[in-house]
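Printed here is input_5.cif (mmCIF, C-alpha atoms and all ligand atoms):
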data_run
loop_
_atom_site.label_atom_id
_atom_site.label_comp_id
_atom_site.auth_asym_id
_atom_site.auth_seq_id
_atom_site.Cartn_x
_atom_site.Cartn_y
_atom_site.Cartn_z
CA MET A 1 102.43 26.39 72.13
CA PRO A 2 105.05 24.48 70.09
CA ARG A 3 103.80 22.81 66.96
CA THR A 4 105.89 19.67 67.25
CA LEU A 5 105.47 16.68 64.99
CA LYS A 6 107.08 13.24 65.02
CA VAL A 7 107.84 12.15 61.47
CA ALA A 8 109.35 9.02 59.94
CA ALA A 9 110.72 7.99 56.56
CA ALA A 10 110.08 4.28 55.97
CA GLN A 11 112.91 3.23 53.68
CA LEU A 12 112.25 -0.05 51.87
CA GLY A 13 114.86 -2.51 50.72
CA ALA A 14 114.70 -3.95 47.23
CA ASN A 15 111.61 -5.44 45.60
CA HIS A 16 111.86 -7.74 42.58
CA LEU A 17 109.76 -8.61 39.54
CA ASN A 18 108.47 -11.68 41.35
CA THR A 19 108.01 -10.12 44.78
CA LYS A 20 104.58 -10.95 46.14
CA ARG A 21 102.31 -8.12 47.25
CA ALA A 22 101.54 -9.90 50.50
CA ASP A 23 105.24 -9.97 51.38
CA VAL A 24 105.71 -6.25 50.70
CA LEU A 25 102.60 -5.44 52.71
CA ALA A 26 103.98 -7.47 55.62
CA ARG A 27 107.26 -5.52 55.50
CA MET A 28 105.45 -2.21 55.26
CA THR A 29 103.11 -2.93 58.15
CA ALA A 30 106.12 -4.03 60.22
CA LEU A 31 107.72 -0.66 59.46
CA LEU A 32 104.52 1.10 60.54
CA ARG A 33 104.68 -0.72 63.87
CA SER A 34 108.36 0.22 64.34
CA ALA A 35 107.54 3.86 63.58
CA ALA A 36 104.62 3.80 66.02
CA GLU A 37 106.90 2.43 68.76
CA LEU A 38 109.10 5.51 68.28
CA GLY A 39 106.02 7.70 68.64
CA ALA A 40 105.78 8.72 64.98
CA GLN A 41 102.62 10.45 63.76
CA LEU A 42 103.40 10.41 60.04
CA VAL A 43 105.20 7.76 57.97
CA VAL A 44 106.47 8.38 54.43
CA PHE A 45 106.95 5.39 52.09
CA PRO A 46 108.92 5.38 48.78
CA GLU A 47 107.75 5.92 45.22
CA THR A 48 106.10 2.78 43.70
CA ALA A 49 106.51 1.19 47.10
CA PHE A 50 104.78 -2.12 46.33
CA THR A 51 106.88 -3.21 43.36
CA THR A 52 110.28 -3.27 41.80
CA PHE A 53 110.93 0.00 39.94
CA PHE A 54 109.42 -1.51 36.79
CA PRO A 55 109.66 1.58 34.50
CA ARG A 56 113.28 0.61 33.95
CA TYR A 57 111.95 -2.16 31.67
CA ARG A 58 110.29 -2.08 28.26
CA LEU A 59 106.52 -2.61 28.39
CA ASP A 60 106.81 -6.05 26.80
CA ALA A 61 109.50 -7.13 29.28
CA VAL A 62 107.10 -7.12 32.23
CA PRO A 63 104.38 -9.69 31.61
CA GLY A 64 101.66 -9.34 34.20
CA SER A 65 102.46 -5.69 34.86
CA ASP A 66 98.73 -4.99 35.29
CA ALA A 67 99.15 -6.40 38.77
CA TYR A 68 101.62 -3.59 39.59
CA PHE A 69 98.91 -0.94 39.27
CA ASP A 70 96.29 0.06 41.82
CA ASP A 71 93.14 2.09 41.47
CA GLY A 72 93.68 5.30 43.44
CA ASP A 73 89.97 5.44 44.31
CA THR A 74 89.79 2.05 46.03
CA LEU A 75 93.01 2.02 48.05
CA LEU A 76 91.18 1.81 51.38
CA THR A 77 89.03 -1.14 50.32
CA SER A 78 91.09 -3.18 47.82
CA PRO A 79 92.64 -6.32 49.35
CA ASN A 80 95.93 -5.35 47.68
CA THR A 81 96.27 -2.15 49.70
CA ARG A 82 93.73 -2.17 52.52
CA PRO A 83 95.95 -4.00 55.07
CA LEU A 84 98.36 -1.05 55.08
CA PHE A 85 95.66 1.51 55.79
CA ASP A 86 93.95 -0.73 58.36
CA GLU A 87 97.25 -0.96 60.24
CA ALA A 88 97.81 2.79 59.97
CA LYS A 89 94.31 3.43 61.32
CA THR A 90 94.86 1.05 64.23
CA LEU A 91 98.20 2.67 65.07
CA GLY A 92 96.90 6.21 64.52
CA LEU A 93 99.51 6.93 61.84
CA ASP A 94 99.22 9.24 58.86
CA VAL A 95 100.80 7.78 55.71
CA TYR A 96 102.31 9.04 52.46
CA LEU A 97 102.14 6.16 49.98
CA GLY A 98 103.71 6.07 46.51
CA PHE A 99 102.14 3.63 44.03
CA ALA A 100 101.51 3.07 40.33
CA GLU A 101 97.98 4.36 39.71
CA ARG A 102 95.59 3.04 37.07
CA SER A 103 92.70 5.44 37.19
CA THR A 104 89.32 4.81 35.62
CA GLY A 105 88.46 8.45 36.20
CA ALA A 106 85.55 7.40 38.40
CA GLY A 107 86.85 9.36 41.39
CA GLY A 108 86.85 12.65 39.54
CA SER A 109 90.50 12.84 38.45
CA SER A 110 91.41 12.02 34.85
CA SER A 111 91.81 8.41 33.75
CA GLY A 112 95.07 6.71 32.79
CA ASP A 113 98.28 5.43 34.34
CA TYR A 114 100.16 7.77 36.66
CA ASN A 115 103.06 7.65 39.09
CA THR A 116 101.09 8.75 42.14
CA CYS A 117 101.18 9.28 45.88
CA VAL A 118 98.42 9.85 48.40
CA TYR A 119 98.23 11.25 51.91
CA TYR A 120 96.16 9.19 54.36
CA SER A 121 94.96 10.97 57.49
CA ALA A 122 94.41 8.57 60.39
CA SER A 123 92.33 11.09 62.31
CA ARG A 124 89.94 11.37 59.36
CA GLY A 125 90.22 7.75 58.29
CA GLU A 126 90.48 8.89 54.68
CA ILE A 127 92.82 9.98 51.93
CA ILE A 128 92.93 13.77 52.02
CA ALA A 129 95.38 14.54 49.19
CA LYS A 130 96.71 13.03 45.98
CA PHE A 131 99.69 14.04 43.83
CA ARG A 132 100.71 12.68 40.43
CA LYS A 133 104.40 12.90 39.49
CA ILE A 134 104.94 15.85 37.19
CA HIS A 135 108.60 15.59 36.13
CA LEU A 136 108.82 12.15 34.50
CA PRO A 137 112.55 11.54 33.88
CA GLY A 138 114.40 9.50 31.29
CA THR A 139 113.54 8.69 27.69
CA LEU A 140 110.45 7.66 25.74
CA GLN A 141 112.31 4.91 23.89
CA PRO A 142 114.88 2.45 25.27
CA PHE A 143 118.56 3.03 24.50
CA GLU A 144 119.97 0.98 21.63
CA ASP A 145 122.75 -0.37 23.85
CA PRO A 146 121.18 -3.51 25.37
CA ASP A 147 123.32 -3.06 28.50
CA ALA A 148 122.23 0.52 29.14
CA ILE A 149 119.95 1.16 32.11
CA ASN A 150 116.69 2.66 30.96
CA GLN A 151 114.23 4.96 32.67
CA LEU A 152 111.02 4.68 30.65
CA GLU A 153 108.56 6.52 32.84
CA LYS A 154 107.46 8.68 29.91
CA LEU A 155 106.31 5.44 28.28
CA TRP A 156 104.64 3.89 31.31
CA PHE A 157 102.96 6.96 32.81
CA LYS A 158 101.17 10.17 31.83
CA PRO A 159 102.64 13.35 33.34
CA GLY A 160 100.91 14.38 36.52
CA ASP A 161 97.95 16.72 36.06
CA LEU A 162 97.08 17.69 39.61
CA GLY A 163 99.62 20.49 40.08
CA PHE A 164 101.57 21.20 43.24
CA GLU A 165 98.70 21.73 45.67
CA ALA A 166 99.68 22.11 49.32
CA PHE A 167 97.15 20.97 51.91
CA ARG A 168 96.42 21.26 55.61
CA VAL A 169 96.67 18.10 57.69
CA PRO A 170 94.20 17.78 60.54
CA GLY A 171 94.71 16.00 63.83
CA LEU A 172 98.50 16.24 64.15
CA VAL A 173 99.20 19.30 66.30
CA SER A 174 97.28 20.56 69.28
CA SER A 175 96.59 24.03 67.93
CA ALA A 176 93.09 24.40 66.55
CA LYS A 177 92.30 24.25 62.86
CA LYS A 178 92.83 27.78 61.49
CA GLU A 179 93.70 29.43 58.24
CA ASN A 180 96.22 32.17 57.48
CA GLY A 181 97.17 32.74 61.10
CA LYS A 182 93.91 34.57 61.83
CA THR A 183 93.90 35.39 65.54
CA GLU A 184 90.92 35.52 67.80
CA ALA A 185 90.57 38.28 70.40
CA GLY A 186 93.47 38.16 72.85
CA GLU A 187 95.18 35.28 71.12
CA ASP A 188 98.95 35.16 70.55
CA PRO A 189 99.51 35.13 66.74
CA LEU A 190 102.09 32.40 67.23
CA ASP A 191 99.33 30.13 68.51
CA ALA A 192 97.11 30.76 65.50
CA ARG A 193 98.99 29.05 62.72
CA GLY A 194 96.69 26.09 62.63
CA ASP A 195 97.10 22.67 61.11
CA PRO A 196 100.44 21.84 59.39
CA ILE A 197 100.79 22.74 55.72
CA MET A 198 102.24 19.91 53.64
CA GLY A 199 103.14 19.30 50.02
CA MET A 200 103.95 16.08 48.16
CA MET A 201 106.31 15.33 45.31
CA ILE A 202 107.75 12.17 43.77
CA CYS A 203 111.42 11.43 43.15
CA ASN A 204 112.58 13.47 40.15
CA ASP A 205 110.24 16.33 41.13
CA ARG A 206 112.63 17.04 44.02
CA ARG A 207 115.41 18.07 41.63
CA TRP A 208 113.36 20.97 40.24
CA ALA A 209 113.38 24.27 42.10
CA GLU A 210 109.99 25.01 40.52
CA SER A 211 108.32 22.14 42.41
CA TRP A 212 109.53 23.45 45.76
CA ARG A 213 108.75 27.09 45.05
CA CYS A 214 105.17 26.22 44.10
CA TYR A 215 104.82 24.74 47.57
CA GLY A 216 106.89 27.49 49.22
CA LEU A 217 104.42 30.01 47.84
CA GLN A 218 101.66 28.20 49.74
CA GLY A 219 103.56 28.40 53.03
CA VAL A 220 104.53 24.75 53.03
CA GLU A 221 105.98 23.49 56.31
CA VAL A 222 106.77 19.87 55.42
CA VAL A 223 107.54 18.48 51.95
CA LEU A 224 107.10 14.73 51.57
CA CYS A 225 108.89 12.81 48.82
CA GLY A 226 109.23 9.14 47.91
CA TYR A 227 111.92 8.06 45.45
CA ASN A 228 113.69 5.28 43.53
CA THR A 229 117.04 6.73 42.51
CA THR A 230 119.45 4.63 40.57
CA ALA A 231 122.97 4.41 41.97
CA TRP A 232 124.44 3.59 38.57
CA ALA A 233 123.04 4.85 35.27
CA PRO A 234 125.79 6.58 33.26
CA ASP A 235 123.60 6.82 30.16
CA LEU A 236 120.88 8.66 32.04
CA CYS A 237 122.78 10.98 34.33
CA GLY A 238 124.84 12.78 31.71
CA ILE A 239 128.17 12.44 33.51
CA ARG A 240 131.18 13.89 31.72
CA LYS A 241 133.95 11.70 33.08
CA PRO A 242 133.87 7.91 33.42
CA GLN A 243 132.99 6.90 36.95
CA THR A 244 133.36 3.73 38.93
CA TYR A 245 130.20 2.25 40.41
CA GLU A 246 131.26 3.53 43.87
CA GLU A 247 131.85 7.08 42.61
CA SER A 248 128.47 7.06 40.90
CA GLU A 249 126.63 5.96 44.04
CA ILE A 250 128.41 8.58 46.17
CA GLU A 251 127.58 11.31 43.67
CA SER A 252 123.95 10.24 43.42
CA LEU A 253 123.58 10.30 47.20
CA PHE A 254 125.34 13.66 47.36
CA GLN A 255 122.92 15.14 44.83
CA HIS A 256 119.92 13.71 46.67
CA ARG A 257 121.15 15.31 49.90
CA LEU A 258 121.88 18.56 48.06
CA VAL A 259 118.38 19.00 46.67
CA MET A 260 116.64 18.04 49.90
CA THR A 261 118.74 20.31 52.11
CA GLY A 262 119.07 23.20 49.64
CA ASN A 263 115.40 23.40 48.74
CA SER A 264 114.30 22.97 52.36
CA TYR A 265 116.47 25.99 53.19
CA MET A 266 115.31 28.11 50.24
CA ASN A 267 111.65 27.47 51.09
CA SER A 268 112.03 27.47 54.89
CA CYS A 269 110.45 24.06 55.33
CA PHE A 270 111.18 20.58 56.59
CA SER A 271 111.34 17.61 54.28
CA VAL A 272 110.88 13.87 54.74
CA SER A 273 112.15 11.69 51.90
CA ALA A 274 111.95 7.89 51.69
CA GLY A 275 113.69 5.76 49.10
CA LYS A 276 113.56 2.21 47.92
CA ALA A 277 117.14 1.00 48.30
CA GLY A 278 119.44 -1.92 47.50
CA VAL A 279 119.73 -4.11 44.43
CA GLU A 280 116.49 -4.90 42.59
CA ASP A 281 116.16 -7.88 40.25
CA GLU A 282 119.82 -8.83 40.97
CA LYS A 283 121.09 -6.02 38.76
CA PHE A 284 119.69 -2.57 39.45
CA SER A 285 121.14 -0.63 42.37
CA LEU A 286 119.16 2.09 44.09
CA ILE A 287 120.63 4.60 46.52
CA ALA A 288 119.45 4.62 50.13
CA GLY A 289 119.81 7.93 52.03
CA SER A 290 116.22 8.39 53.21
CA MET A 291 116.34 11.55 55.30
CA ILE A 292 114.66 14.32 57.22
CA THR A 293 115.91 17.87 56.64
CA SER A 294 115.33 21.18 58.41
CA PRO A 295 114.43 24.72 57.23
CA ASP A 296 118.03 25.72 57.96
CA GLY A 297 119.24 23.14 55.47
CA TYR A 298 120.52 20.55 57.92
CA VAL A 299 120.07 16.78 57.78
CA LEU A 300 118.28 15.87 61.02
CA ALA A 301 118.24 12.10 60.47
CA GLU A 302 119.45 9.82 57.69
CA ALA A 303 119.25 6.10 56.85
CA LYS A 304 122.18 3.98 57.94
CA THR A 305 121.36 0.91 55.85
CA LYS A 306 120.32 -0.06 52.34
CA GLY A 307 117.31 -2.02 53.57
CA ASP A 308 114.02 -1.67 55.42
CA GLU A 309 114.61 1.03 58.02
CA ILE A 310 112.77 3.74 59.90
CA VAL A 311 114.40 7.17 59.92
CA PHE A 312 112.83 9.27 62.66
CA ALA A 313 112.89 12.85 63.96
CA GLU A 314 110.81 15.12 66.10
CA ILE A 315 110.42 18.48 64.41
CA ASP A 316 109.03 21.83 65.53
CA LEU A 317 107.12 23.48 62.71
CA ASP A 318 107.86 26.88 64.24
CA ASP A 319 111.46 26.43 63.09
CA CYS A 320 110.06 27.38 59.66
CA LEU A 321 109.15 30.84 60.91
CA PRO A 322 112.52 32.66 60.95
CA GLY A 323 113.22 31.84 57.31
CA LYS A 324 109.65 32.55 56.19
CA GLU A 325 109.61 35.89 58.02
CA MET A 326 113.12 37.14 57.23
CA MET A 327 115.54 35.78 54.61
CA PHE A 328 112.85 34.11 52.49
CA ASN A 329 109.96 36.42 53.23
CA PHE A 330 108.53 36.05 49.73
CA ALA A 331 106.03 38.89 49.98
CA ARG A 332 108.79 41.30 50.93
CA HIS A 333 111.62 40.20 48.67
CA ARG A 334 110.45 38.38 45.54
CA MET A 335 110.78 40.32 42.28
CA ILE A 336 108.30 38.54 40.06
CA HIS A 337 108.49 41.11 37.27
CA GLN A 338 112.01 39.79 36.63
CA TYR A 339 111.05 36.10 36.61
CA GLY A 340 109.01 35.96 33.38
CA ARG A 341 111.24 33.39 31.68
CA ILE A 342 110.45 30.80 34.31
CA THR A 343 106.91 30.33 33.04
CA SER A 344 107.20 31.58 29.44
CA GLN A 345 110.21 29.52 28.33
CA THR A 346 110.86 25.76 28.70
CA GLY A 347 114.30 25.06 27.20
CA VAL A 348 117.50 27.08 27.19
CA VAL A 349 117.81 30.09 24.87
CA GLU A 350 121.44 31.21 24.92
CA PRO A 351 122.44 34.87 24.50
CA PRO A 352 123.88 35.75 21.06
CA LEU A 353 127.64 35.88 20.52
CA LEU A 354 129.19 39.35 20.68
CA SER A 355 130.26 40.25 17.15
N1 LIG B 1 112.37 7.53 39.85
C1 LIG B 1 113.00 8.66 39.46
O1 LIG B 1 112.38 9.68 39.21
N2 LIG B 1 114.32 8.59 39.35
C2 LIG B 1 115.12 9.70 38.90
C3 LIG B 1 116.28 9.18 38.16
C4 LIG B 1 116.54 10.02 36.99
S1 LIG B 1 117.48 9.29 35.76
C5 LIG B 1 118.80 8.59 36.52
C6 LIG B 1 115.59 10.60 40.02
O2 LIG B 1 115.46 11.82 39.86
O3 LIG B 1 116.13 10.14 41.01
#
Output the file's structure in the form of structure tokens.
Ligand code: CDT
Amino acid sequence: MPRTLKVAAAQLGANHLNTKRADVLARMTALLRSAAELGAQLVVFPETAFTTFFPRYRLDAVPGSDAYFDDGDTLLTSPNTRPLFDEAKTLGLDVYLGFAERSTGAGGSSSGDYNTCVYYSASRGEIIAKFRKIHLPGTLQPFEDPDAINQLEKLWFKPGDLGFEAFRVPGLVSSAKKENGKTEAGEDPLDARGDPIMGMMICNDRRWAESWRCYGLQGVEVVLCGYNTTAWAPDLCGIRKPQTYEESEIESLFQHRLVMTGNSYMNSCFSVSAGKAGVEDEKFSLIAGSMITSPDGYVLAEAKTKGDEIVFAEIDLDDCLPGKEMMFNFARHRMIHQYGRITSQTGVVEPPLLS
């Protein structure tokens, strides 16, 4: 029995410092309806979907920033977020939502401000997984150059502390809930793979092979990722040669495509990535390029605009099997005794010069 799934990336156009929550919610619920019309079962929204990408500003440059944060434990009941989940429930859609989390710690996870995403299961009517961004990019202090574009996430957020935990998603494919492909008497093993295995990351996490491999090692079938990627930030990207704005945007999109396709291939999984795109606050350009990629490393669908747009594909999770069983059969081929540096060393240690 094929394990097919209809997935959508809900790309959002720009938000601004003065964008009202009600307006963003109206755009997001409209995108949910468009996705549902295409038959989608799962919709992925961008990182910090409700607001402009405010970590580009100094703390004191965003008066009223408290309103940009939501409590991760009350998303289904708070008037600031509930309309999205009510609509998803009505339409029977699962949702990945990226938002700025202000946690009191009441729900069991540690307190503080995090760059977070959650997975809402429509069949359960509840949030079944939460991920807090682990690789916070940029600098702790703003650049001295007043014209430089900053990325101050290390100032605004604590690094994620929930690890890269894959999870099973109920209610999406017809095969029964099962673990580890355990077959019952007379059952075809291909019918016993159970509910889809998913993993979540946020923006910069996608550039790190370690994020993907942590999920690959849990048999991930679909990686979900929201992002806000600047199209123009020469101070942050470490480019060697001067670039025009156009060259910078092309390169940024190229690198986004590279990490989504390459890591999907190397971990034999699909990916769905959704960006916030366009020009925020009249000055800050974000790439578009929301996409769905395959375990063979192909782009199956990609955004055509820099605004609100649904990117849709029907995927067959069994397309993950050839890679997982052959080329990237981890159990058969990984040589972990040679990989010690990956977890014992953080920065680069160069070999000594030959005398
Ligand atoms: N939001 C986010 O993580 N953005 C980073 C930009 C890094 S610095 C230009 C990204 O990886 O796209």
Residues of chain A within 8 Å of ligand LIG 1 (chain B): nearest atom pair and distance (Å, one decimal) for each, counting only C-alpha atoms and all ligand atoms, sorted by chain and number, as CSV?
residue,atom,partner,partner_atom,distance
A:Glu47,CA,B:LIG1,N1,7.3
A:Phe53,CA,B:LIG1,N1,7.7
A:His135,CA,B:LIG1,O1,7.7
A:Leu136,CA,B:LIG1,O1,6.4
A:Pro137,CA,B:LIG1,C4,5.3
A:Gly138,CA,B:LIG1,S1,5.4
A:Gln151,CA,B:LIG1,S1,6.2
A:Ile202,CA,B:LIG1,O1,7.0
A:Cys203,CA,B:LIG1,O1,4.4
A:Asn204,CA,B:LIG1,O2,3.3
A:Asp205,CA,B:LIG1,O2,7.0
A:Arg206,CA,B:LIG1,O2,7.3
A:Arg207,CA,B:LIG1,O2,6.5
A:Tyr227,CA,B:LIG1,N1,5.6
A:Asn228,CA,B:LIG1,N1,4.5
A:Thr229,CA,B:LIG1,O3,3.8
A:Thr230,CA,B:LIG1,C5,5.7
A:Trp232,CA,B:LIG1,C5,7.8
A:Ala233,CA,B:LIG1,C5,5.8
A:Pro234,CA,B:LIG1,C5,8.0
A:Leu236,CA,B:LIG1,C5,4.9
A:Cys237,CA,B:LIG1,C5,5.1
A:His256,CA,B:LIG1,O3,7.7
Neighbour residues at most 8 Å from (98.5, 8.5, 32.2) (all atoms listed in the file) as an mmCIF file with C-alpha atoms, keeping the file's coordinate frame:
data_model
loop_
_atom_site.group_PDB
_atom_site.id
_atom_site.type_symbol
_atom_site.label_atom_id
_atom_site.label_comp_id
_atom_site.auth_asym_id
_atom_site.auth_seq_id
_atom_site.Cartn_x
_atom_site.Cartn_y
_atom_site.Cartn_z
ATOM 1 C CA ARG A 102 95.590 3.040 37.070
ATOM 2 C CA SER A 111 91.810 8.410 33.750
ATOM 3 C CA GLY A 112 95.070 6.710 32.790
ATOM 4 C CA ASP A 113 98.280 5.430 34.340
ATOM 5 C CA TYR A 114 100.160 7.770 36.660
ATOM 6 C CA TRP A 156 104.640 3.890 31.310
ATOM 7 C CA PHE A 157 102.960 6.960 32.810
ATOM 8 C CA LYS A 158 101.170 10.170 31.830
ATOM 9 C CA PRO A 159 102.640 13.350 33.340
ATOM 10 C CA GLY A 160 100.910 14.380 36.520
#
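Relative to atom CA of A:Leu97, atom CA of A:Ser285 is found at 21.6 Å.
Atom CA of A:Thr74 lies 27.8 Å from atom CA of A:Ser271.
When all atoms listed in the file are used to measure the gap to A:Gly107, the shortest distance among A:Tyr119, A:Asp73, A:Val7, A:Arg56 belongs to A:Asp73.
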Item to check | Spatial neighbours of A:Arg3, max dist 6 Å, all atoms listed in the file, sep filter under 3 positions, as number ranges by chain | outcome: A: 173, 316-317
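Our summary of the geometry notes that atom CA of A:Thr343 is positioned 17.7 Å from atom CA of A:Phe330.
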Next on the checklist: Under the rule that all atoms listed in the file are counted, which of A:Ala288, A:Leu155, A:Leu224, A:Ala277 is the nearest residue to A:Ala49?
Outcome noted: A:Ala277
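All residues of protein, DNA or RNA that reach within 12 Å of A:Pro322, judged by all atoms listed in the file and not counting those fewer than 6 positions away in the chain, are Tyr265, Met266, Asn267, Ser268, Cys269, Pro295, Asp296, Phe328 and Asn329 of chain A.
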Dump C-alpha atoms for the selected residues as a PDB file, in the coordinates of the input?
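Written out: out_26.pdb:
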ATOM      1  CA  TYR A 265     116.470  25.990  53.190  1.00  0.00           C
ATOM      2  CA  MET A 266     115.310  28.110  50.240  1.00  0.00           C
ATOM      3  CA  ASN A 267     111.650  27.470  51.090  1.00  0.00           C
ATOM      4  CA  SER A 268     112.030  27.470  54.890  1.00  0.00           C
ATOM      5  CA  CYS A 269     110.450  24.060  55.330  1.00  0.00           C
ATOM      6  CA  PRO A 295     114.430  24.720  57.230  1.00  0.00           C
ATOM      7  CA  ASP A 296     118.030  25.720  57.960  1.00  0.00           C
ATOM      8  CA  PHE A 328     112.850  34.110  52.490  1.00  0.00           C
ATOM      9  CA  ASN A 329     109.960  36.420  53.230  1.00  0.00           C
TER      10      ASN A 329
END
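Distances from A:Ala166, A:Leu84, A:Leu76, A:Ala185 to A:Cys214 were compared using only C-alpha atoms, and the smallest one belongs to A:Ala166.
Considering only C-alpha atoms, the residue among A:Phe164, A:Trp208, A:Phe270, A:Phe99 positioned nearest to A:Thr4 is A:Phe270.
Between A:Val95 and the candidates A:His16, A:Lys306, A:Lys324, A:Lys130, the tightest atom-to-atom separation, counting all atoms listed in the file, involves A:Lys130.
With distances restricted to all atoms listed in the file, A:Arg168 is the closest residue to A:Arg193 from A:Arg334, A:Lys241, A:Arg27, A:Arg168.
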Item to check | Residues within 8 Å of A:Glu249, all atoms listed in the file, excluding chain neighbours under 3 positions, as a PyMOL selection string | outcome: chain A and resi 231-232+245-246+252-253+287
